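See below for the structure under consideration.
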Amino acid sequence: MLTFTRHPGFDFTHFVSEGATSIANWLETVQRYGDAGLTTRELYDLRQHTNLYTNEEIGEILNLAVKNKPLHKPNRKTALLVDNTSQFGLSRMYELKSEVEGVLTRTRVFYELDDAIAWLGEDVAQCL
């Protein structure tokens, strides 16, 4: 299941995926988040995410990001935190495809939480 916690005072949203999060749950959760308004900094913690999405499912996530492009601002950052090479590879695929599609949010994949925090801004550490 994918859940999120907004921290409006920090303009930051923390997502956590635990277990075998279905693609339907992922898309519905991200859509709810988008409907409520995007923050400029996001962290998706995928270290407890147990299933790997197919190329088609990554495409569905990307399609939602493309649909929401008008909501994205150039200064947005999304950090994806992973703990294995399969997650890293799929996350990098999303990162590269989003650049090709013109999604303004800068996305980076990290293995270490400290590196993700450093990239997003040290102040988000208070939210975790």
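Chain labels A, B, ... are given in the sequence in which chains occur in the structure tokens; within each chain residues are numbered consecutively from 1, and ligands are likewise numbered from 1 in the order shown.
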* **10 Å contact set for Gly19 of chain A, only C-alpha atoms, chain neighbours under 6 positions out, as a PyMOL selection string** => chain A and resi 1-2+46-51
* Tell me, as a PyMOL selection string, which residues lie within 9 Å of Ile58 of chain A, counting only C-alpha atoms; anything in the same chain fewer than 4 positions away does not count. => chain A and resi 23+53-54+62-63+90-91+93-94
Can you spit out the residues from that selection as an mmCIF file, in the first residue's frame, using C-alpha atoms?
data_model
loop_
_atom_site.group_PDB
_atom_site.id
_atom_site.type_symbol
_atom_site.label_atom_id
_atom_site.label_comp_id
_atom_site.auth_asym_id
_atom_site.auth_seq_id
_atom_site.Cartn_x
_atom_site.Cartn_y
_atom_site.Cartn_z
ATOM 1 C CA ILE A 23 -0.548 -0.391 -9.568
ATOM 2 C CA TYR A 53 6.097 -3.144 -11.804
ATOM 3 C CA THR A 54 6.155 -4.094 -15.463
ATOM 4 C CA LEU A 62 4.332 8.126 -16.321
ATOM 5 C CA ASN A 63 1.008 8.757 -18.087
ATOM 6 C CA LEU A 90 12.885 0.539 -12.865
ATOM 7 C CA SER A 91 13.108 3.870 -11.063
ATOM 8 C CA MET A 93 13.647 3.996 -16.366
ATOM 9 C CA TYR A 94 10.842 6.188 -14.999
#
* Asked: Between A:Thr39, A:Asn25, A:Thr78, A:Thr3, which has the minimum distance to Val109 of chain A (counting only C-alpha atoms)?
  -> A:Thr78
* **All helix (DSSP H, G or I) residues (DSSP, backbone) inside chain A, as an MDAnalysis selection string** => chainID A and resid 8:10 23:36 55:67 69:71 85:100 113:120 122:127
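Here atom CA of Phe110 of chain A and atom CA of Phe15 of chain A stand 14.5 Å from one another.
Of the listed residues (A:Thr105, A:Tyr111, A:Ile117, A:Val100), A:Thr105 comes nearest to Pro74 of chain A; the distances count only C-alpha atoms.
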* **Filtered DSSP result for chain A, state strand (DSSP E), as a VMD selection string** => chain A and resid 2 to 7 12 to 19 41 to 49 77 to 81 106 to 110
List as JSON lines every residue of segment 88-126 of chain A that is in contact with segment 7-13 of chain A, defined as an atom at most 10 Å from one of its atoms (using only C-alpha atoms), together with the nearest atom pair and the distance in Å rounded to one decimal, sorted by chain and then rising number.
{"residue": "A:Leu120", "atom": "CA", "partner": "A:Phe12", "partner_atom": "CA", "distance": 9.1}
{"residue": "A:Gly121", "atom": "CA", "partner": "A:Phe10", "partner_atom": "CA", "distance": 9.8}
{"residue": "A:Asp123", "atom": "CA", "partner": "A:Phe10", "partner_atom": "CA", "distance": 7.5}
{"residue": "A:Val124", "atom": "CA", "partner": "A:Phe10", "partner_atom": "CA", "distance": 6.8}
{"residue": "A:Gln126", "atom": "CA", "partner": "A:Phe10", "partner_atom": "CA", "distance": 9.2}
Dump of C-alpha atoms for the selected residues, as an mmCIF file, in the first residue's frame:
data_model
loop_
_atom_site.group_PDB
_atom_site.id
_atom_site.type_symbol
_atom_site.label_atom_id
_atom_site.label_comp_id
_atom_site.auth_asym_id
_atom_site.auth_seq_id
_atom_site.Cartn_x
_atom_site.Cartn_y
_atom_site.Cartn_z
ATOM 1 C CA LEU A 120 15.937 17.587 -1.463
ATOM 2 C CA GLY A 121 17.118 19.944 1.278
ATOM 3 C CA ASP A 123 15.254 20.704 6.375
ATOM 4 C CA VAL A 124 13.082 17.748 5.237
ATOM 5 C CA GLN A 126 12.695 16.929 10.410
#
